[in-house]
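In what follows, a single structure is set out as C-alpha cells and then discussed.
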Amino acid sequence: MDYMKKSHVIFFASYLFSQNNFLVDHEMVAKIREEGFQRSKIANTLSYMTDVLGARLTNSDDMRIAQDWAIKEMKRIGLKNTKIEPFMDYGVSWDNEFFSLHLLEPDKQVMVGYPIAHTPGIDGRKQLSVELVEIKTKGDLNKYKGKLKGKAVLATPPPKIDLDKYRTGTPRYTENELLELSQKPFPNAPRPPRPPRNPDLVSSIERNLFFKDQGVVAILESSSGWIAAVRGFARPGAKQDKWGRQETLDHLPIVAVTPEHYNRMVRIAKRNIPIKIELEIRTKIGKNRRKARNILGEIPGTDKKDEVVMLGAHFDTWHASPNASDNTSGVAVMLEAIRILSVLDIKPRRTIRIALWSGEEQGLHGSREYVNKHFGNPNDPKVGQKSSYNKFSAYFNQDYGPGQYRGIYLQGNEHVRQAFSSWMKPFKDLGMTTISSQSACCTDHIPFDRSGLPAFQFLQDRVGGTGGHTNLDYYDTIPIEDIKKNAVIVASFVYHTAMLDKPLPRKKNK
Ligand SMILES: [Zn+2]
C-alpha cells in the first residue's frame, strides 16, 4: 500500500508538472482578443497594401516601394531593430508599366491578359497576325518553319475551364474532414514519382527559342483553368539565368491571356479565319543587378532577450495583381499580430521578431538564406550550425490563403503537441480545434524545419480569394473576419512561446 501511495504521489506530481509546462495566460488571451477584435487594424493594413501598394514581384521597383512602407509601418507600431536585410543577387528589376491587347479582326474586342514576368516589352503599338501553333514533339517544329515571321503565336493548348469549382467554390473544412486530418499519421504519404521525361517532347524553353529563331514577335499563352483569370509567372529559364537583363531582353515577349479570350482566338483560328490583334507592352527592366531583401522588426525580450521567437509571411507576390490572398493576407495577419503584442506592451521574456520574406515565389529563397545566415543548418555541412542555433525557439508562418485557422500542423514534431493543444483551447469558439501531426509543405517554415528548428504553418480553411498568382486577387474576396481571428491566434501562440522557461521542444531526429 505504501508503495502504491508513493507511486500515486509521484505520478500526480509529474502529471501536474507536465500540465503546468504549457499553461495558458488567460488574462493575456483576453487582452489579445479585446485588441484584435474590438480595435482591429487589419482591414486597413490589407487595404493599404492591396489598393495603394499593389503587386510586389521580388526585386521589382514596386517591391522596393512596398518594403520602404513596411519598415515605416513597423516603426509606427512600435517595433525596434527594424531592418532591411539584403540576401542574394536577384538579377535586375522587372516592372510592367503598361499593357494593352485588342482583337481587331474578325471582330473587335478588348482582351484581358498580362505580360509574363522577366520578358521584354515591345517597341510601340503593333498590329499582328495571329497563328495557332500546335507543337508537342520535335517533329512538329518542321510544320512551322518559315511561316511565323512577324506574327503573334497562340503557343499553348487551349485550357479547359473548371466549371465545378466555379459552381461550388471552396467550402470550409467540415468536422469530419478535420477529424480525418487529426488522424493522418506522420510522415505524410510520399508523392508519386514523376514519370520520366519523354526526350522527344519540346520544352517551353526550346519552343520559345524556336519562335525567336523564326522571327515571331510575341507569344500568347493561357494556362489557367480558372474563369476570367490569368495566372502570371516568370519566363521559362529566368531562374536559371538568375533574372539577367540581357537574357530578358533577348527573349520574346510572352502574354498570358484569360482562358475565355484565348480559347476564342483558338476556335477562330481552327476555322482558318485570319486573326489580327493590336498589342502594346511597356516594361521597365533594371540596368544593374541587385540583391533581394527581407524585412525584419522586433519586440525586444527581457530576461531571455538573446533568444528569439519568430512570426512571418512572404511579402513578395507574383505581379499580375496585389495578390490579396497570396500572401498579402498572411503579411497583414503577422503585422496585426505583432501590432497587438506591441500595443499591449507585453514585455516578453524572449525577443519576438517578425520577418517579411521575399523570393518565396521563386523557391523560398529569402527564408532559406536567412536561416542559413543566422542559425545555420547542421544537416548541411556547407552551411554548418551557427552559435545562435540554440537560441531559437520557434517560427510561425501563414501562407495558405486568407482562410481562418482551424488548427495547426505539428510538422512531425510530437514534442509540441501538448503545448499547442493547451494554447489552442481558448480559441475553440473560433473554430481552432485540430492538431495534425502531418507536415505542411512548400512555404517559408520549410527552411527552418529542414535545419531542425521548430517551425509551423497553421491549418487553414481554403476559402477566400480567387486563388494565388492570378490577376484577380484583390481585397474584395478576402474574408476579413477570418484574418482577424488568425491575427489573434498567432499573437497568442507567439506570446506563449516567448514566455516559456525553455525554448519550444525540437524533433529528436535532427
Ligand atoms: Zn504564397
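As shown in the C-alpha cells, the chain order sets the letters A, B, ...; within each chain, residues go from 1, and ligands are also counted from 1 in the order they appear.
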
Could you produce a table of the residues of range 184-214 of chain A lying within 12 Å of range 433-449 of chain A, with the nearest pair of atoms per residue and their separation in Å rounded to one decimal, using only C-alpha atoms, ordered by chain and increasing residue number, as JSON lines?
{"residue": "A:Lys184", "atom": "CA", "partner": "A:Gln438", "partner_atom": "CA", "distance": 6.9}
{"residue": "A:Pro185", "atom": "CA", "partner": "A:Ser437", "partner_atom": "CA", "distance": 6.3}
{"residue": "A:Phe186", "atom": "CA", "partner": "A:Gln438", "partner_atom": "CA", "distance": 4.9}
{"residue": "A:Pro187", "atom": "CA", "partner": "A:Gln438", "partner_atom": "CA", "distance": 6.3}
{"residue": "A:Asn188", "atom": "CA", "partner": "A:Gln438", "partner_atom": "CA", "distance": 5.9}
{"residue": "A:Ala189", "atom": "CA", "partner": "A:Gln438", "partner_atom": "CA", "distance": 9.5}
{"residue": "A:Pro190", "atom": "CA", "partner": "A:Ser439", "partner_atom": "CA", "distance": 11.6}
{"residue": "A:Arg191", "atom": "CA", "partner": "A:Cys441", "partner_atom": "CA", "distance": 11.9}

Write out as a PDB file with all heavy atoms, in the first residue's frame the residues lying within 8 Å of Ala229 in chain A, counting only C-alpha atoms and excluding same-chain residues fewer than 3 positions away.
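So the final result, stored in around31.pdb, reads:
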ATOM      1  N   SER A 224      -4.426  28.942 -67.447  1.00  0.00           N
ATOM      2  CA  SER A 224      -5.348  28.958 -66.309  1.00  0.00           C
ATOM      3  C   SER A 224      -6.636  28.256 -66.666  1.00  0.00           C
ATOM      4  O   SER A 224      -7.211  28.498 -67.716  1.00  0.00           O
ATOM      5  CB  SER A 224      -5.651  30.404 -65.941  1.00  0.00           C
ATOM      6  OG  SER A 224      -6.794  30.465 -65.127  1.00  0.00           O
ATOM      7  N   GLY A 225      -7.103  27.386 -65.778  1.00  0.00           N
ATOM      8  CA  GLY A 225      -8.426  26.792 -65.971  1.00  0.00           C
ATOM      9  C   GLY A 225      -9.453  27.531 -65.134  1.00  0.00           C
ATOM     10  O   GLY A 225     -10.540  27.023 -64.894  1.00  0.00           O
ATOM     11  N   TRP A 226      -9.105  28.721 -64.671  1.00  0.00           N
ATOM     12  CA  TRP A 226      -9.995  29.454 -63.770  1.00  0.00           C
ATOM     13  C   TRP A 226     -10.717  30.549 -64.542  1.00  0.00           C
ATOM     14  O   TRP A 226     -10.080  31.310 -65.295  1.00  0.00           O
ATOM     15  CB  TRP A 226      -9.203  30.098 -62.621  1.00  0.00           C
ATOM     16  CG  TRP A 226      -8.437  29.090 -61.828  1.00  0.00           C
ATOM     17  CD1 TRP A 226      -8.504  27.723 -61.955  1.00  0.00           C
ATOM     18  CD2 TRP A 226      -7.469  29.347 -60.815  1.00  0.00           C
ATOM     19  NE1 TRP A 226      -7.636  27.126 -61.074  1.00  0.00           N
ATOM     20  CE2 TRP A 226      -6.997  28.085 -60.358  1.00  0.00           C
ATOM     21  CE3 TRP A 226      -6.959  30.514 -60.230  1.00  0.00           C
ATOM     22  CZ2 TRP A 226      -6.044  27.972 -59.359  1.00  0.00           C
ATOM     23  CZ3 TRP A 226      -6.016  30.390 -59.236  1.00  0.00           C
ATOM     24  CH2 TRP A 226      -5.564  29.138 -58.801  1.00  0.00           C
ATOM     25  N   THR A 258      -6.564  35.445 -70.609  1.00  0.00           N
ATOM     26  CA  THR A 258      -7.610  34.691 -69.889  1.00  0.00           C
ATOM     27  C   THR A 258      -8.097  33.539 -70.766  1.00  0.00           C
ATOM     28  O   THR A 258      -8.111  33.646 -71.998  1.00  0.00           O
ATOM     29  CB  THR A 258      -8.839  35.563 -69.554  1.00  0.00           C
ATOM     30  OG1 THR A 258      -9.391  36.027 -70.782  1.00  0.00           O
ATOM     31  CG2 THR A 258      -8.488  36.721 -68.665  1.00  0.00           C
ATOM     32  N   PRO A 259      -8.532  32.440 -70.147  1.00  0.00           N
ATOM     33  CA  PRO A 259      -8.893  31.262 -70.954  1.00  0.00           C
ATOM     34  C   PRO A 259     -10.010  31.549 -71.956  1.00  0.00           C
ATOM     35  O   PRO A 259      -9.956  31.066 -73.087  1.00  0.00           O
ATOM     36  CB  PRO A 259      -9.329  30.226 -69.911  1.00  0.00           C
ATOM     37  CG  PRO A 259      -9.469  30.939 -68.621  1.00  0.00           C
ATOM     38  CD  PRO A 259      -8.637  32.179 -68.707  1.00  0.00           C
ATOM     39  N   THR A 470      -2.888  35.017 -59.591  1.00  0.00           N
ATOM     40  CA  THR A 470      -3.758  35.453 -60.691  1.00  0.00           C
ATOM     41  C   THR A 470      -3.816  36.975 -60.772  1.00  0.00           C
ATOM     42  O   THR A 470      -3.308  37.683 -59.905  1.00  0.00           O
ATOM     43  CB  THR A 470      -5.200  34.947 -60.529  1.00  0.00           C
ATOM     44  OG1 THR A 470      -5.842  35.715 -59.511  1.00  0.00           O
ATOM     45  CG2 THR A 470      -5.259  33.483 -60.177  1.00  0.00           C
ATOM     46  N   ASN A 471      -4.512  37.433 -61.820  1.00  0.00           N
ATOM     47  CA  ASN A 471      -4.755  38.872 -61.998  1.00  0.00           C
ATOM     48  C   ASN A 471      -5.997  39.322 -61.252  1.00  0.00           C
ATOM     49  O   ASN A 471      -6.403  40.469 -61.366  1.00  0.00           O
ATOM     50  CB  ASN A 471      -4.922  39.182 -63.484  1.00  0.00           C
ATOM     51  CG  ASN A 471      -6.109  38.441 -64.072  1.00  0.00           C
ATOM     52  OD1 ASN A 471      -6.430  37.336 -63.634  1.00  0.00           O
ATOM     53  ND2 ASN A 471      -6.761  39.034 -65.047  1.00  0.00           N
ATOM     54  N   LEU A 472      -6.646  38.412 -60.512  1.00  0.00           N
ATOM     55  CA  LEU A 472      -7.941  38.746 -59.898  1.00  0.00           C
ATOM     56  C   LEU A 472      -7.907  38.671 -58.381  1.00  0.00           C
ATOM     57  O   LEU A 472      -8.941  38.547 -57.751  1.00  0.00           O
ATOM     58  CB  LEU A 472      -9.016  37.775 -60.411  1.00  0.00           C
ATOM     59  CG  LEU A 472      -9.385  37.907 -61.885  1.00  0.00           C
ATOM     60  CD1 LEU A 472     -10.416  36.851 -62.252  1.00  0.00           C
ATOM     61  CD2 LEU A 472      -9.929  39.295 -62.176  1.00  0.00           C
TER      62      LEU A 472
END

Residue with smallest distance to Ala355 in chain A - pool A:Met74, A:Leu410, A:Val130, A:Leu179, counting only C-alpha atoms |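 Closest candidate: A:Met74.
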
Need to verify the contact set: range 276-283 of chain A, 7 Å, only C-alpha atoms, exclusion of same-chain residues closer than 2 positions in sequence. Can you return it as a CSV table (one decimal) with N, CA, C and O atoms, in the first residue's frame?
chain,number,residue,atom,x,y,z
A,95,ASP,N,9.5,45.6,-64.0
A,95,ASP,CA,8.2,46.1,-63.7
A,95,ASP,C,7.4,46.4,-65.0
A,95,ASP,O,7.9,47.1,-65.8
A,96,ASN,N,6.2,45.9,-65.1
A,96,ASN,CA,5.4,46.2,-66.2
A,96,ASN,C,4.7,47.5,-65.9
A,96,ASN,O,4.2,47.8,-64.9
A,97,GLU,N,4.7,48.5,-66.9
A,97,GLU,CA,4.1,49.8,-66.7
A,97,GLU,C,2.9,50.0,-67.5
A,97,GLU,O,2.1,50.9,-67.2
A,98,PHE,N,2.7,49.3,-68.6
A,98,PHE,CA,1.6,49.5,-69.4
A,98,PHE,C,1.4,48.2,-70.3
A,98,PHE,O,2.3,47.6,-70.8
A,99,PHE,N,0.1,47.9,-70.5
A,99,PHE,CA,-0.2,46.7,-71.3
A,99,PHE,C,-1.5,46.9,-72.0
A,99,PHE,O,-2.5,47.3,-71.3
A,100,SER,N,-1.7,46.6,-73.3
A,100,SER,CA,-3.0,46.5,-73.9
A,100,SER,C,-3.0,45.5,-75.0
A,100,SER,O,-2.1,45.4,-75.8
A,101,LEU,N,-4.1,44.8,-75.1
A,101,LEU,CA,-4.3,43.8,-76.1
A,101,LEU,C,-5.7,43.9,-76.6
A,101,LEU,O,-6.7,43.8,-75.8
A,102,HIS,N,-5.9,44.1,-77.9
A,102,HIS,CA,-7.2,44.2,-78.5
A,102,HIS,C,-7.3,43.2,-79.7
A,102,HIS,O,-6.3,43.1,-80.4
A,103,LEU,N,-8.4,42.6,-79.8
A,103,LEU,CA,-8.7,41.8,-81.0
A,103,LEU,C,-9.3,42.8,-82.0
A,103,LEU,O,-10.1,43.6,-81.7
A,104,LEU,N,-8.7,42.8,-83.3
A,104,LEU,CA,-9.2,43.8,-84.3
A,104,LEU,C,-10.0,43.0,-85.4
A,104,LEU,O,-10.9,43.6,-85.9
A,105,GLU,N,-9.5,41.8,-85.7
A,105,GLU,CA,-10.2,41.0,-86.8
A,105,GLU,C,-10.3,39.6,-86.3
A,105,GLU,O,-9.3,39.1,-85.8
A,120,PRO,N,10.5,40.9,-72.2
A,120,PRO,CA,10.7,42.3,-72.6
A,120,PRO,C,9.4,42.9,-73.0
A,120,PRO,O,8.4,42.2,-73.3
A,121,GLY,N,9.3,44.2,-73.2
A,121,GLY,CA,8.1,44.9,-73.8
A,121,GLY,C,8.3,44.8,-75.3
A,121,GLY,O,9.2,44.1,-75.8
A,122,ILE,N,7.4,45.6,-76.0
A,122,ILE,CA,7.7,45.7,-77.5
A,122,ILE,C,7.7,47.2,-77.8
A,122,ILE,O,7.3,48.0,-77.1
A,124,GLY,N,6.6,50.3,-79.2
A,124,GLY,CA,5.4,50.9,-79.7
A,124,GLY,C,4.2,50.0,-79.7
A,124,GLY,O,4.3,48.9,-79.1
A,125,ARG,N,3.2,50.4,-80.5
A,125,ARG,CA,2.0,49.6,-80.6
A,125,ARG,C,2.0,48.9,-81.9
A,125,ARG,O,2.3,49.5,-82.9
A,126,LYS,N,1.8,47.6,-81.8
A,126,LYS,CA,1.9,46.8,-83.1
A,126,LYS,C,0.6,46.0,-83.4
A,126,LYS,O,0.0,45.5,-82.6
A,127,GLN,N,0.3,46.0,-84.7
A,127,GLN,CA,-0.8,45.2,-85.2
A,127,GLN,C,-0.1,43.9,-85.8
A,127,GLN,O,0.8,44.0,-86.6
A,128,LEU,N,-0.7,42.8,-85.3
A,128,LEU,CA,0.0,41.5,-85.6
A,128,LEU,C,-1.1,40.5,-86.1
A,128,LEU,O,-2.2,40.4,-85.5
A,129,SER,N,-0.7,39.7,-87.1
A,129,SER,CA,-1.5,38.5,-87.4
A,129,SER,C,-1.2,37.4,-86.3
A,129,SER,O,-0.1,37.3,-85.8
A,130,VAL,N,-2.2,36.6,-86.1
A,130,VAL,CA,-2.1,35.6,-85.0
A,130,VAL,C,-2.1,34.2,-85.7
A,130,VAL,O,-3.0,33.9,-86.5
A,274,PRO,N,-8.6,34.5,-90.7
A,274,PRO,CA,-7.4,35.3,-90.2
A,274,PRO,C,-7.8,36.1,-88.9
A,274,PRO,O,-8.9,36.6,-88.8
A,285,ILE,N,13.0,47.4,-67.3
A,285,ILE,CA,13.9,46.4,-66.9
A,285,ILE,C,15.2,47.1,-66.3
A,285,ILE,O,15.8,47.9,-67.0

Near-Phe493 in chain A list (12 Å; only C-alpha atoms; drop same-chain fewer than 5 positions) as a PDB file with N, CA and C atoms, in the first residue's frame:
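And here is the file that came out, result.pdb:
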ATOM      1  N   PHE A  22       2.839  24.171 -20.043  1.00  0.00           N
ATOM      2  CA  PHE A  22       2.303  24.964 -21.151  1.00  0.00           C
ATOM      3  C   PHE A  22       0.964  25.590 -20.781  1.00  0.00           C
ATOM      4  N   LEU A  23       0.933  26.204 -19.609  1.00  0.00           N
ATOM      5  CA  LEU A  23      -0.299  26.840 -19.141  1.00  0.00           C
ATOM      6  C   LEU A  23      -0.694  27.999 -20.043  1.00  0.00           C
ATOM      7  N   VAL A  24      -1.986  28.284 -20.045  1.00  0.00           N
ATOM      8  CA  VAL A  24      -2.485  29.439 -20.790  1.00  0.00           C
ATOM      9  C   VAL A  24      -2.573  30.640 -19.851  1.00  0.00           C
ATOM     10  N   ASP A  25      -2.079  31.777 -20.281  1.00  0.00           N
ATOM     11  CA  ASP A  25      -2.239  33.031 -19.543  1.00  0.00           C
ATOM     12  C   ASP A  25      -3.579  33.649 -19.997  1.00  0.00           C
ATOM     13  N   MET A  28      -3.954  37.398 -20.447  1.00  0.00           N
ATOM     14  CA  MET A  28      -3.316  37.902 -21.674  1.00  0.00           C
ATOM     15  C   MET A  28      -4.146  37.541 -22.903  1.00  0.00           C
ATOM     16  N   VAL A  29      -4.704  36.325 -22.918  1.00  0.00           N
ATOM     17  CA  VAL A  29      -5.556  35.940 -24.048  1.00  0.00           C
ATOM     18  C   VAL A  29      -6.743  36.912 -24.149  1.00  0.00           C
ATOM     19  N   ILE A  32      -5.523  40.132 -25.678  1.00  0.00           N
ATOM     20  CA  ILE A  32      -5.226  39.961 -27.115  1.00  0.00           C
ATOM     21  C   ILE A  32      -6.533  39.929 -27.910  1.00  0.00           C
ATOM     22  N   VAL A 309      11.701  34.239 -30.787  1.00  0.00           N
ATOM     23  CA  VAL A 309      10.516  33.591 -31.351  1.00  0.00           C
ATOM     24  C   VAL A 309      10.171  34.395 -32.595  1.00  0.00           C
ATOM     25  N   MET A 310       9.912  33.714 -33.702  1.00  0.00           N
ATOM     26  CA  MET A 310       9.650  34.455 -34.936  1.00  0.00           C
ATOM     27  C   MET A 310       8.253  34.186 -35.489  1.00  0.00           C
ATOM     28  N   LEU A 311       7.734  35.194 -36.171  1.00  0.00           N
ATOM     29  CA  LEU A 311       6.495  35.047 -36.932  1.00  0.00           C
ATOM     30  C   LEU A 311       6.744  35.713 -38.285  1.00  0.00           C
ATOM     31  N   MET A 334       0.333  38.822 -39.838  1.00  0.00           N
ATOM     32  CA  MET A 334       1.529  38.866 -38.996  1.00  0.00           C
ATOM     33  C   MET A 334       1.802  40.294 -38.491  1.00  0.00           C
ATOM     34  N   ALA A 337      -0.749  40.827 -35.766  1.00  0.00           N
ATOM     35  CA  ALA A 337      -0.418  40.059 -34.554  1.00  0.00           C
ATOM     36  C   ALA A 337       0.663  40.781 -33.748  1.00  0.00           C
ATOM     37  N   ILE A 338       1.692  41.256 -34.419  1.00  0.00           N
ATOM     38  CA  ILE A 338       2.775  41.900 -33.665  1.00  0.00           C
ATOM     39  C   ILE A 338       2.347  43.308 -33.221  1.00  0.00           C
ATOM     40  N   LEU A 341       0.558  42.719 -29.940  1.00  0.00           N
ATOM     41  CA  LEU A 341       1.508  42.474 -28.845  1.00  0.00           C
ATOM     42  C   LEU A 341       2.252  43.752 -28.465  1.00  0.00           C
ATOM     43  N   ILE A 352      10.717  38.863 -29.724  1.00  0.00           N
ATOM     44  CA  ILE A 352       9.758  38.459 -30.761  1.00  0.00           C
ATOM     45  C   ILE A 352      10.146  39.183 -32.035  1.00  0.00           C
ATOM     46  N   ALA A 394      10.969  29.167 -31.957  1.00  0.00           N
ATOM     47  CA  ALA A 394      10.015  28.673 -32.961  1.00  0.00           C
ATOM     48  C   ALA A 394       9.704  29.756 -33.971  1.00  0.00           C
ATOM     49  N   TYR A 395       9.220  29.313 -35.125  1.00  0.00           N
ATOM     50  CA  TYR A 395       8.754  30.219 -36.178  1.00  0.00           C
ATOM     51  C   TYR A 395       7.328  29.842 -36.575  1.00  0.00           C
ATOM     52  N   PHE A 396       6.446  30.852 -36.654  1.00  0.00           N
ATOM     53  CA  PHE A 396       5.061  30.645 -37.083  1.00  0.00           C
ATOM     54  C   PHE A 396       4.827  31.391 -38.390  1.00  0.00           C
ATOM     55  N   ASN A 397       4.239  30.687 -39.380  1.00  0.00           N
ATOM     56  CA  ASN A 397       4.104  31.220 -40.734  1.00  0.00           C
ATOM     57  C   ASN A 397       2.641  31.170 -41.183  1.00  0.00           C
ATOM     58  N   GLY A 407      -6.650  24.932 -36.980  1.00  0.00           N
ATOM     59  CA  GLY A 407      -5.722  24.133 -36.202  1.00  0.00           C
ATOM     60  C   GLY A 407      -4.306  24.435 -36.632  1.00  0.00           C
ATOM     61  N   ILE A 408      -3.419  23.492 -36.348  1.00  0.00           N
ATOM     62  CA  ILE A 408      -2.015  23.698 -36.701  1.00  0.00           C
ATOM     63  C   ILE A 408      -1.375  22.348 -37.039  1.00  0.00           C
ATOM     64  N   VAL A 416       5.687  19.080 -29.415  1.00  0.00           N
ATOM     65  CA  VAL A 416       4.949  20.340 -29.219  1.00  0.00           C
ATOM     66  C   VAL A 416       3.434  20.120 -29.160  1.00  0.00           C
ATOM     67  N   ALA A 419       1.885  21.501 -25.894  1.00  0.00           N
ATOM     68  CA  ALA A 419       1.867  22.968 -25.869  1.00  0.00           C
ATOM     69  C   ALA A 419       0.755  23.498 -26.771  1.00  0.00           C
ATOM     70  N   PHE A 420       0.713  22.999 -27.994  1.00  0.00           N
ATOM     71  CA  PHE A 420      -0.256  23.548 -28.957  1.00  0.00           C
ATOM     72  C   PHE A 420      -1.692  23.187 -28.566  1.00  0.00           C
ATOM     73  N   SER A 421      -1.884  21.964 -28.004  1.00  0.00           N
ATOM     74  CA  SER A 421      -3.237  21.596 -27.557  1.00  0.00           C
ATOM     75  C   SER A 421      -3.704  22.564 -26.479  1.00  0.00           C
ATOM     76  N   SER A 422      -2.790  22.881 -25.583  1.00  0.00           N
ATOM     77  CA  SER A 422      -3.129  23.776 -24.474  1.00  0.00           C
ATOM     78  C   SER A 422      -3.405  25.205 -24.979  1.00  0.00           C
ATOM     79  N   TRP A 423      -2.550  25.711 -25.831  1.00  0.00           N
ATOM     80  CA  TRP A 423      -2.684  27.111 -26.292  1.00  0.00           C
ATOM     81  C   TRP A 423      -3.847  27.302 -27.261  1.00  0.00           C
ATOM     82  N   MET A 424      -4.303  26.185 -27.855  1.00  0.00           N
ATOM     83  CA  MET A 424      -5.399  26.256 -28.820  1.00  0.00           C
ATOM     84  C   MET A 424      -6.753  26.357 -28.118  1.00  0.00           C
ATOM     85  N   LYS A 425      -6.816  25.821 -26.872  1.00  0.00           N
ATOM     86  CA  LYS A 425      -8.121  25.709 -26.182  1.00  0.00           C
ATOM     87  C   LYS A 425      -8.890  27.018 -26.073  1.00  0.00           C
ATOM     88  N   PRO A 426      -8.253  28.149 -25.758  1.00  0.00           N
ATOM     89  CA  PRO A 426      -9.052  29.386 -25.619  1.00  0.00           C
ATOM     90  C   PRO A 426      -9.662  29.853 -26.936  1.00  0.00           C
ATOM     91  N   PHE A 427      -9.349  29.189 -28.047  1.00  0.00           N
ATOM     92  CA  PHE A 427      -9.859  29.630 -29.358  1.00  0.00           C
ATOM     93  C   PHE A 427     -10.789  28.611 -30.002  1.00  0.00           C
ATOM     94  N   PHE A 456       6.264  26.259 -37.980  1.00  0.00           N
ATOM     95  CA  PHE A 456       4.912  25.748 -38.146  1.00  0.00           C
ATOM     96  C   PHE A 456       4.073  26.598 -39.076  1.00  0.00           C
ATOM     97  N   GLN A 457       3.179  25.906 -39.757  1.00  0.00           N
ATOM     98  CA  GLN A 457       2.186  26.534 -40.616  1.00  0.00           C
ATOM     99  C   GLN A 457       0.832  26.130 -40.040  1.00  0.00           C
ATOM    100  N   PHE A 458      -0.083  27.095 -39.925  1.00  0.00           N
ATOM    101  CA  PHE A 458      -1.404  26.784 -39.389  1.00  0.00           C
ATOM    102  C   PHE A 458      -2.239  26.022 -40.424  1.00  0.00           C
ATOM    103  N   ASN A 486      -7.187  34.998 -37.186  1.00  0.00           N
ATOM    104  CA  ASN A 486      -5.828  34.466 -37.335  1.00  0.00           C
ATOM    105  C   ASN A 486      -4.805  35.324 -36.600  1.00  0.00           C
ATOM    106  N   ALA A 487      -4.975  36.642 -36.699  1.00  0.00           N
ATOM    107  CA  ALA A 487      -4.014  37.539 -36.045  1.00  0.00           C
ATOM    108  C   ALA A 487      -4.063  37.352 -34.526  1.00  0.00           C
ATOM    109  N   VAL A 488      -5.263  37.185 -33.991  1.00  0.00           N
ATOM    110  CA  VAL A 488      -5.422  36.983 -32.544  1.00  0.00           C
ATOM    111  C   VAL A 488      -4.758  35.671 -32.122  1.00  0.00           C
ATOM    112  N   ALA A 498       7.058  32.871 -26.308  1.00  0.00           N
ATOM    113  CA  ALA A 498       8.078  33.809 -25.813  1.00  0.00           C
ATOM    114  C   ALA A 498       8.210  33.780 -24.290  1.00  0.00           C
ATOM    115  N   MET A 499       7.183  33.300 -23.591  1.00  0.00           N
ATOM    116  CA  MET A 499       7.186  33.345 -22.127  1.00  0.00           C
ATOM    117  C   MET A 499       7.619  32.031 -21.473  1.00  0.00           C
ATOM    118  N   LEU A 500       7.845  30.990 -22.249  1.00  0.00           N
ATOM    119  CA  LEU A 500       8.213  29.689 -21.673  1.00  0.00           C
ATOM    120  C   LEU A 500       9.549  29.761 -20.924  1.00  0.00           C
ATOM    121  N   LEU A 504      10.800  26.083 -27.152  1.00  0.00           N
ATOM    122  CA  LEU A 504       9.859  25.050 -27.579  1.00  0.00           C
ATOM    123  C   LEU A 504      10.648  23.789 -27.976  1.00  0.00           C
TER     124      LEU A 504
END

When distances are computed from only C-alpha atoms, which of A:Ala70, A:Leu249, A:Ala55, A:Met88 shows the smallest separation from Lys291 in chain A?
->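 The answer is A:Met88, which sits nearest to Lys291 in chain A.
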
Close residues to ligand 1 using only C-alpha atoms and all ligand atoms, limit 8 Å, as a list in words |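 With only C-alpha atoms and all ligand atoms and a cut-off of 8 Å, ligand 1 is contacted by His314, Thr317, Asp326, Asn327, Glu360, Glu361, Asp399, Tyr400, Gly401, Thr443 and Gly468 of chain A.
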
DSSP says strand (DSSP E) for which residues of range 199-257 of chain A? Put them as an NGL selection string?
-> :A and (218-221 or 254-257)

Exercise: Ser60 in chain A partners within 6 Å, only C-alpha atoms, chain neighbours under 2 positions left out, as a ChimeraX atom specification = /A:57-58,62-63,93-95

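One distance worth recording is that between CA of Arg167 in chain A and CA of Ala256 in chain A, which is 24.2 Å.
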
Could you give me, as a list in words, the residues within 6 Å of Val255 in chain A, counting only C-alpha atoms and dropping anything in the same chain fewer than 6 positions from it?
->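 The filter keeps Tyr114, Pro115, Ile116 and Leu220 of chain A.
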
Measuring atom to atom with only C-alpha atoms, identify which of A:Arg267, A:Lys391, A:Lys136, A:Lys147 is nearest to Glu206 in chain A.
->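 Checking each candidate against Glu206 in chain A, we get A:Lys136 as the closest.
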
From a DSSP pass on the backbone, collect the residues of range 319-357 of chain A flagged as alpha helix (DSSP H) and hand them back as a ChimeraX atom specification.
-> /A:329-343

Can you work out the spacing between CA of Arg353 in chain A and CA of Leu296 in chain A in Å, to one decimal?
->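 Between CA of Arg353 in chain A and CA of Leu296 in chain A the gap is 6.9 Å.
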
Please identify all polymer residues within 12 Å of Pro503 in chain A, counting only C-alpha atoms, omitting same-chain residues fewer than 6 positions from it, and present them as number ranges by chain.
-> A: 21-22, 304, 306-309, 349-351, 389-395, 415-416, 419, 453-454, 494, 496-497

Distance in Å - CA of Glu34 in chain A versus CA of Asp482 in chain A |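 Between these atoms lies a distance of 15.7 Å.
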
Closest to Ser325 in chain A among A:Pro378, A:Gly363, A:Pro348, A:Pro402, using only C-alpha atoms?
-> A:Pro402

Given only C-alpha atoms as the counted atoms, nearest of A:Ser182, A:Ser492, A:Ser367, A:Gln214 to Lys143 in chain A = A:Gln214

Name the closest residue to Lys242 in chain A among the candidates A:Leu356, A:Lys149, A:Arg289, A:Gly91; distances are taken between atoms, counting only C-alpha atoms.
->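 Closest to Lys242 in chain A, using only C-alpha atoms: A:Gly91.
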